[in-house]
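Novice: Pasting coords_15.cif here (mmCIF, C-alpha atoms):
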data_entry
loop_
_atom_site.label_atom_id
_atom_site.label_comp_id
_atom_site.auth_asym_id
_atom_site.auth_seq_id
_atom_site.Cartn_x
_atom_site.Cartn_y
_atom_site.Cartn_z
CA MET A 57 22.88 -6.31 -0.06
CA LEU A 58 20.82 -4.98 2.82
CA ASP A 59 21.20 -6.48 6.30
CA PRO A 60 18.62 -9.31 6.56
CA ASN A 61 18.78 -9.08 10.37
CA ASN A 62 17.39 -5.54 10.25
CA ASN A 63 13.75 -5.53 11.43
CA SER A 64 12.84 -3.02 8.72
CA ILE A 65 14.18 -5.35 6.02
CA THR A 66 12.36 -8.30 7.57
CA ALA A 67 9.05 -6.38 7.56
CA LEU A 68 9.63 -5.30 3.97
CA ASN A 69 10.43 -8.85 2.86
CA VAL A 70 7.20 -10.11 4.46
CA GLU A 71 5.23 -7.60 2.38
CA ILE A 72 7.21 -8.31 -0.79
CA ASN A 73 6.38 -12.00 -0.36
CA ALA A 74 2.71 -11.08 0.09
CA LEU A 75 2.95 -9.02 -3.11
CA LEU A 76 4.53 -12.03 -4.82
CA ALA A 77 1.62 -14.20 -3.65
CA ASP A 78 -0.84 -11.61 -4.96
CA HIS A 79 0.84 -11.61 -8.35
CA PHE A 80 0.77 -15.40 -8.65
CA ALA A 81 -2.90 -15.53 -7.62
CA LEU A 82 -3.94 -12.62 -9.85
CA TYR A 83 -2.01 -14.09 -12.78
CA LEU A 84 -3.88 -17.37 -12.48
CA LYS A 85 -7.26 -15.66 -12.05
CA THR A 86 -6.64 -13.43 -15.06
CA LYS A 87 -5.68 -16.46 -17.19
CA ASN A 88 -8.80 -18.27 -15.94
CA PHE A 89 -10.91 -15.37 -17.18
CA HIS A 90 -8.94 -15.23 -20.44
CA TRP A 91 -9.78 -18.88 -21.05
CA HIS A 92 -13.44 -18.70 -19.99
CA VAL A 93 -14.75 -15.33 -21.11
CA LYS A 94 -17.80 -15.52 -23.40
CA GLY A 95 -20.14 -13.13 -25.11
CA PRO A 96 -20.19 -10.37 -27.70
CA ARG A 97 -16.92 -8.83 -26.44
CA PHE A 98 -15.12 -12.18 -26.36
CA ARG A 99 -12.23 -11.27 -28.65
CA ASP A 100 -11.45 -7.93 -27.02
CA LEU A 101 -11.66 -9.27 -23.48
CA HIS A 102 -9.83 -12.49 -24.34
CA LEU A 103 -6.93 -10.40 -25.67
CA LEU A 104 -7.02 -7.84 -22.84
CA PHE A 105 -7.03 -10.50 -20.13
CA ASP A 106 -4.09 -12.22 -21.81
CA GLU A 107 -2.14 -8.94 -22.06
CA GLN A 108 -2.77 -8.21 -18.39
CA ALA A 109 -1.85 -11.75 -17.33
CA LEU A 110 1.43 -11.51 -19.22
CA GLU A 111 2.23 -8.17 -17.58
CA ILE A 112 1.54 -9.61 -14.12
CA GLN A 113 3.58 -12.72 -14.90
CA GLY A 114 6.45 -10.53 -16.08
CA GLN A 115 6.69 -8.93 -12.63
CA ILE A 116 6.79 -12.18 -10.65
CA ASP A 117 10.50 -12.92 -11.04
CA ALA A 118 11.59 -9.38 -10.19
CA ILE A 119 9.43 -9.42 -7.05
CA GLY A 120 10.85 -12.74 -5.87
CA GLU A 121 14.38 -11.60 -6.62
CA ARG A 122 13.90 -8.46 -4.49
CA VAL A 123 13.35 -10.68 -1.45
CA ARG A 124 16.49 -12.66 -2.25
CA LYS A 125 18.54 -9.51 -2.86
CA ASN A 126 17.37 -8.32 0.56
CA GLY A 127 18.70 -11.53 2.11
CA GLY A 128 15.29 -13.13 2.64
CA GLU A 129 13.58 -16.32 1.52
CA THR A 130 10.78 -16.35 -1.04
CA LEU A 131 7.56 -18.29 -1.25
CA THR A 132 8.11 -21.95 -2.02
CA SER A 133 4.76 -23.48 -2.89
CA VAL A 134 1.17 -23.05 -3.98
CA GLY A 135 0.23 -23.44 -0.31
CA ALA A 136 2.49 -20.53 0.64
CA ILE A 137 0.92 -18.43 -2.11
CA ALA A 138 -2.59 -19.26 -0.83
CA GLN A 139 -1.55 -18.43 2.73
CA HIS A 140 -0.13 -14.98 1.87
CA THR A 141 -2.38 -13.61 -0.89
CA GLN A 142 -5.30 -11.24 -0.48
CA ILE A 143 -6.67 -12.28 -3.90
CA LYS A 144 -9.68 -14.56 -3.50
CA ASP A 145 -9.96 -17.71 -5.59
CA GLN A 146 -12.51 -17.77 -8.37
CA ASP A 147 -13.27 -21.27 -9.57
CA SER A 148 -16.37 -20.47 -11.59
CA THR A 149 -16.03 -20.91 -15.32
CA SER A 150 -19.40 -19.34 -16.05
CA LEU A 151 -19.10 -15.78 -14.70
CA SER A 152 -20.43 -13.07 -16.95
CA ALA A 153 -17.87 -10.91 -18.72
CA GLU A 154 -18.99 -7.96 -16.57
CA ASP A 155 -18.42 -9.92 -13.36
CA MET A 156 -14.95 -10.94 -14.57
CA ILE A 157 -14.04 -7.34 -15.36
CA THR A 158 -15.36 -6.15 -11.99
CA GLU A 159 -13.51 -8.83 -10.06
CA LEU A 160 -10.21 -8.16 -11.83
CA ARG A 161 -10.62 -4.40 -11.35
CA ASP A 162 -11.24 -4.86 -7.63
CA ASP A 163 -8.31 -7.27 -7.24
CA ASN A 164 -6.00 -4.87 -9.04
CA ARG A 165 -7.21 -2.09 -6.72
CA LYS A 166 -6.21 -4.26 -3.76
CA MET A 167 -2.81 -4.64 -5.39
CA VAL A 168 -2.47 -0.85 -5.72
CA GLU A 169 -3.39 -0.44 -2.04
CA ARG A 170 -0.81 -3.01 -0.99
CA LEU A 171 1.88 -1.39 -3.13
CA LYS A 172 1.18 2.07 -1.77
CA SER A 173 1.34 0.75 1.80
CA MET A 174 4.77 -0.75 1.04
CA LYS A 175 6.38 2.60 0.22
CA GLN A 176 7.01 3.49 3.85
CA LEU A 177 8.43 0.04 4.55
CA ALA A 178 10.95 0.47 1.71
CA GLU A 179 11.89 3.91 3.01
CA ASP A 180 12.28 2.61 6.59
CA ALA A 181 14.59 -0.12 5.26
CA ASN A 182 16.59 2.38 3.17
CA ASP A 183 15.86 0.16 0.18
CA ASN A 184 15.91 2.61 -2.72
CA ALA A 185 15.77 -0.14 -5.35
CA THR A 186 12.55 -1.63 -3.98
CA ASP A 187 11.14 1.88 -3.49
CA GLY A 188 11.63 2.60 -7.20
CA LEU A 189 10.22 -0.75 -8.28
CA ILE A 190 7.14 -0.17 -6.13
CA ASP A 191 6.50 3.01 -8.14
CA ASP A 192 6.75 1.06 -11.41
CA TRP A 193 4.55 -1.79 -10.20
CA THR A 194 1.98 0.67 -8.84
CA ASP A 195 1.81 2.45 -12.18
CA MET A 196 1.20 -0.85 -14.00
CA ALA A 197 -1.52 -1.94 -11.56
CA GLU A 198 -3.19 1.48 -11.74
CA GLU A 199 -3.24 1.21 -15.53
CA ARG A 200 -4.92 -2.20 -15.31
CA VAL A 201 -7.54 -0.71 -12.96
CA TRP A 202 -8.09 2.18 -15.36
CA PHE A 203 -8.57 -0.13 -18.38
CA LEU A 204 -10.94 -2.44 -16.52
CA ASN A 205 -12.89 0.41 -14.96
CA SER A 206 -13.24 2.08 -18.38
CA LEU A 207 -14.86 -1.09 -19.71
CA LEU A 208 -17.45 -0.95 -16.93
CA GLU A 209 -18.30 2.69 -17.58
CA GLY A 210 -19.05 2.16 -21.28
#
Can you give me the file's structure in the form of structure tokens?
Specialist:
Amino acid sequence: MLDPNNNSITALNVEINALLADHFALYLKTKNFHWHVKGPRFRDLHLLFDEQALEIQGQIDAIGERVRKNGGETLTSVGAIAQHTQIKDQDSTSLSAEDMITELRDDNRKMVERLKSMKQLAEDANDNATDGLIDDWTDMAEERVWFLNSLLEG
């Protein structure tokens, strides 16, 4: 385990918790769109949004466990998630499919930016495990951006 009193580890854990908040918020938004998408591409988008939500959900536990393995404390509530996420709420159930795709693409881009900014923090903390996971999580988020962006170009 890394030294939790190390300032580099503390800074990294803050960002990992923010990434955790982003994943929770993006998971819920993606499921919202999965449930409420309408229109001629309903089936394809319904399935795509569900696939992406499941991928995001599948990362949540590993992200939270990184904080704990680094000796830190994780988020504890919906309020903590709301306080730390950069993903904006979307309560509308009547967005167009195009607006849903655009919003998810842009949110996933924010996730990619956050992940890329975390690389130096992991290196500063000598946390090779988190560094490697960041690469994997970045690749997954970039793929989601690519899929969503491709839908908008068609």
Novice: Enter the distance from atom CA of A:Ser64 to atom CA of A:Thr141, in Å, rounded to one decimal.
Specialist: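 Answer for the atom CA of A:Ser64 to atom CA of A:Thr141 separation: 20.9 Å.
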Novice: Work out how far atom CA of A:Ala185 is from atom CA of A:Ala74, in Å to one decimal.
Specialist: 17.9 Å
Novice: Would you kindly return, as a list of chain:residue names, each protein, DNA or RNA residue with an atom no farther than 12 Å from any atom of A:Leu171, considering only C-alpha atoms and excluding same-chain residues fewer than 6 positions away?
Specialist: A:Leu68, A:Glu71, A:Ile72, A:Asn73, A:Ala74, A:Leu75, A:Leu76, A:Asp78, A:His79, A:Ile119, A:Asn164, A:Arg165, A:Leu177, A:Ala178, A:Thr186, A:Asp187, A:Gly188, A:Leu189, A:Ile190, A:Asp191, A:Asp192, A:Trp193, A:Thr194, A:Asp195, A:Met196, A:Ala197, A:Glu198
Novice: Between A:Lys166, A:Lys144, A:Lys87, A:Lys175, which one has atoms that come closest to A:Leu103, using all atoms listed in the file?
Specialist: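 So, comparing all the options, the nearest one is A:Lys87.
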Novice: Written as a PDB file with C-alpha atoms, in the coordinates of the input, what is the full residue list that the PyMOL selection byres ((chain A and resi 83) around 9) yields on the file shown?
Specialist:
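See selection_20.pdb below for the written result:
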ATOM      1  CA  ASP A  78      -0.840 -11.610  -4.960  1.00  0.00           C
ATOM      2  CA  HIS A  79       0.840 -11.610  -8.350  1.00  0.00           C
ATOM      3  CA  PHE A  80       0.770 -15.400  -8.650  1.00  0.00           C
ATOM      4  CA  ALA A  81      -2.900 -15.530  -7.620  1.00  0.00           C
ATOM      5  CA  LEU A  82      -3.940 -12.620  -9.850  1.00  0.00           C
ATOM      6  CA  LEU A  84      -3.880 -17.370 -12.480  1.00  0.00           C
ATOM      7  CA  LYS A  85      -7.260 -15.660 -12.050  1.00  0.00           C
ATOM      8  CA  THR A  86      -6.640 -13.430 -15.060  1.00  0.00           C
ATOM      9  CA  LYS A  87      -5.680 -16.460 -17.190  1.00  0.00           C
ATOM     10  CA  ASN A  88      -8.800 -18.270 -15.940  1.00  0.00           C
ATOM     11  CA  GLN A 108      -2.770  -8.210 -18.390  1.00  0.00           C
ATOM     12  CA  ALA A 109      -1.850 -11.750 -17.330  1.00  0.00           C
ATOM     13  CA  LEU A 110       1.430 -11.510 -19.220  1.00  0.00           C
ATOM     14  CA  GLU A 111       2.230  -8.170 -17.580  1.00  0.00           C
ATOM     15  CA  ILE A 112       1.540  -9.610 -14.120  1.00  0.00           C
ATOM     16  CA  GLN A 113       3.580 -12.720 -14.900  1.00  0.00           C
TER      17      GLN A 113
END
Novice: For the structure shown, which residues end up in the PyMOL selection byres ((chain A and resi 90-97) around 9)? Put them as a PyMOL selection string, please?
Specialist: chain A and resi 85-89+98-106+109+149-153+156
Novice: Considering all atoms listed in the file, can you say which of A:Ala138, A:Leu207, A:Leu160, A:Val70 comes closest to A:Arg122?
Specialist: A:Val70
Novice: Please, what distance in Å, to one decimal, runs between atom CA of A:Arg124 and atom CA of A:Asp183?
Specialist: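 Computing it gives 13.1 Å between the two atoms.
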Novice: Under the rule that only C-alpha atoms are counted, which of A:Thr130, A:Gln139, A:Asn205, A:Ser148 is the nearest residue to A:Asp162?
Specialist: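 Residue with the minimum atom-to-atom distance to A:Asp162: A:Asn205.
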Novice: In terms of the shortest atom-to-atom distance over only C-alpha atoms, which of A:Thr66, A:Gln142, A:Asn182, A:Thr158 is closest to A:Trp202?
Specialist: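 That would be A:Thr158, the residue with the smallest distance to A:Trp202.
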Novice: When you count all atoms listed in the file, which of these residues is closest to A:Gly135: A:Met167, A:Ala77, A:Glu121, A:Phe203?
Specialist: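 Between A:Met167, A:Ala77, A:Glu121, A:Phe203, the residue approaching A:Gly135 most closely is A:Ala77.
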Novice: For stretch 126-146 of chain A, where the input has fewer atoms than it should, I would like N, CA, C and O atoms rebuilt and written as an mmCIF file, keeping the file's coordinate frame.
Specialist:
data_model
loop_
_atom_site.group_PDB
_atom_site.id
_atom_site.type_symbol
_atom_site.label_atom_id
_atom_site.label_comp_id
_atom_site.auth_asym_id
_atom_site.auth_seq_id
_atom_site.Cartn_x
_atom_site.Cartn_y
_atom_site.Cartn_z
ATOM 1 N N ASN A 126 17.436 -8.873 -0.793
ATOM 2 C CA ASN A 126 17.370 -8.320 0.560
ATOM 3 C C ASN A 126 17.741 -9.349 1.620
ATOM 4 O O ASN A 126 17.580 -9.101 2.807
ATOM 5 N N GLY A 127 18.230 -10.518 1.177
ATOM 6 C CA GLY A 127 18.700 -11.530 2.110
ATOM 7 C C GLY A 127 17.605 -12.417 2.682
ATOM 8 O O GLY A 127 17.853 -13.188 3.611
ATOM 9 N N GLY A 128 16.402 -12.335 2.132
ATOM 10 C CA GLY A 128 15.290 -13.130 2.640
ATOM 11 C C GLY A 128 15.030 -14.370 1.809
ATOM 12 O O GLY A 128 15.716 -14.637 0.820
ATOM 13 N N GLU A 129 14.033 -15.119 2.218
ATOM 14 C CA GLU A 129 13.580 -16.320 1.520
ATOM 15 C C GLU A 129 12.241 -16.028 0.870
ATOM 16 O O GLU A 129 11.403 -15.333 1.446
ATOM 17 N N THR A 130 12.029 -16.587 -0.317
ATOM 18 C CA THR A 130 10.780 -16.350 -1.040
ATOM 19 C C THR A 130 9.775 -17.464 -0.769
ATOM 20 O O THR A 130 10.088 -18.462 -0.123
ATOM 21 N N LEU A 131 8.597 -17.268 -1.312
ATOM 22 C CA LEU A 131 7.560 -18.290 -1.250
ATOM 23 C C LEU A 131 8.062 -19.550 -1.952
ATOM 24 O O LEU A 131 8.822 -19.469 -2.912
ATOM 25 N N THR A 132 7.595 -20.687 -1.488
ATOM 26 C CA THR A 132 8.110 -21.950 -2.020
ATOM 27 C C THR A 132 7.061 -22.884 -2.604
ATOM 28 O O THR A 132 7.412 -23.919 -3.160
ATOM 29 N N SER A 133 5.780 -22.533 -2.470
ATOM 30 C CA SER A 133 4.760 -23.480 -2.890
ATOM 31 C C SER A 133 3.428 -22.794 -3.153
ATOM 32 O O SER A 133 3.223 -21.640 -2.765
ATOM 33 N N VAL A 134 2.522 -23.535 -3.767
ATOM 34 C CA VAL A 134 1.170 -23.050 -3.980
ATOM 35 C C VAL A 134 0.502 -22.789 -2.623
ATOM 36 O O VAL A 134 -0.238 -21.814 -2.457
ATOM 37 N N GLY A 135 0.781 -23.635 -1.647
ATOM 38 C CA GLY A 135 0.230 -23.440 -0.310
ATOM 39 C C GLY A 135 0.688 -22.128 0.308
ATOM 40 O O GLY A 135 -0.099 -21.426 0.949
ATOM 41 N N ALA A 136 1.964 -21.802 0.117
ATOM 42 C CA ALA A 136 2.490 -20.530 0.640
ATOM 43 C C ALA A 136 1.834 -19.352 -0.067
ATOM 44 O O ALA A 136 1.535 -18.329 0.559
ATOM 45 N N ILE A 137 1.603 -19.493 -1.358
ATOM 46 C CA ILE A 137 0.920 -18.430 -2.110
ATOM 47 C C ILE A 137 -0.484 -18.237 -1.535
ATOM 48 O O ILE A 137 -0.894 -17.113 -1.225
ATOM 49 N N ALA A 138 -1.223 -19.335 -1.357
ATOM 50 C CA ALA A 138 -2.590 -19.260 -0.830
ATOM 51 C C ALA A 138 -2.616 -18.649 0.567
ATOM 52 O O ALA A 138 -3.533 -17.896 0.906
ATOM 53 N N GLN A 139 -1.607 -18.929 1.360
ATOM 54 C CA GLN A 139 -1.550 -18.430 2.730
ATOM 55 C C GLN A 139 -1.292 -16.922 2.784
ATOM 56 O O GLN A 139 -1.759 -16.254 3.697
ATOM 57 N N HIS A 140 -0.577 -16.374 1.803
ATOM 58 C CA HIS A 140 -0.130 -14.980 1.870
ATOM 59 C C HIS A 140 -0.888 -14.014 0.955
ATOM 60 O O HIS A 140 -0.704 -12.811 1.067
ATOM 61 N N THR A 141 -1.717 -14.506 0.058
ATOM 62 C CA THR A 141 -2.380 -13.610 -0.890
ATOM 63 C C THR A 141 -3.663 -13.031 -0.318
ATOM 64 O O THR A 141 -4.333 -13.656 0.504
ATOM 65 N N GLN A 142 -4.009 -11.847 -0.792
ATOM 66 C CA GLN A 142 -5.300 -11.240 -0.480
ATOM 67 C C GLN A 142 -6.287 -11.431 -1.637
ATOM 68 O O GLN A 142 -7.443 -11.024 -1.544
ATOM 69 N N ILE A 143 -5.835 -12.051 -2.716
ATOM 70 C CA ILE A 143 -6.670 -12.280 -3.900
ATOM 71 C C ILE A 143 -7.485 -13.551 -3.672
ATOM 72 O O ILE A 143 -6.938 -14.618 -3.437
ATOM 73 N N LYS A 144 -8.795 -13.415 -3.732
ATOM 74 C CA LYS A 144 -9.680 -14.560 -3.500
ATOM 75 C C LYS A 144 -9.739 -15.454 -4.732
ATOM 76 O O LYS A 144 -9.733 -14.976 -5.864
ATOM 77 N N ASP A 145 -9.792 -16.756 -4.496
ATOM 78 C CA ASP A 145 -9.960 -17.710 -5.590
ATOM 79 C C ASP A 145 -11.277 -17.468 -6.312
ATOM 80 O O ASP A 145 -12.261 -17.023 -5.701
ATOM 81 N N GLN A 146 -11.278 -17.794 -7.586
ATOM 82 C CA GLN A 146 -12.510 -17.770 -8.370
ATOM 83 C C GLN A 146 -12.498 -19.019 -9.251
ATOM 84 O O GLN A 146 -11.778 -19.074 -10.239
#
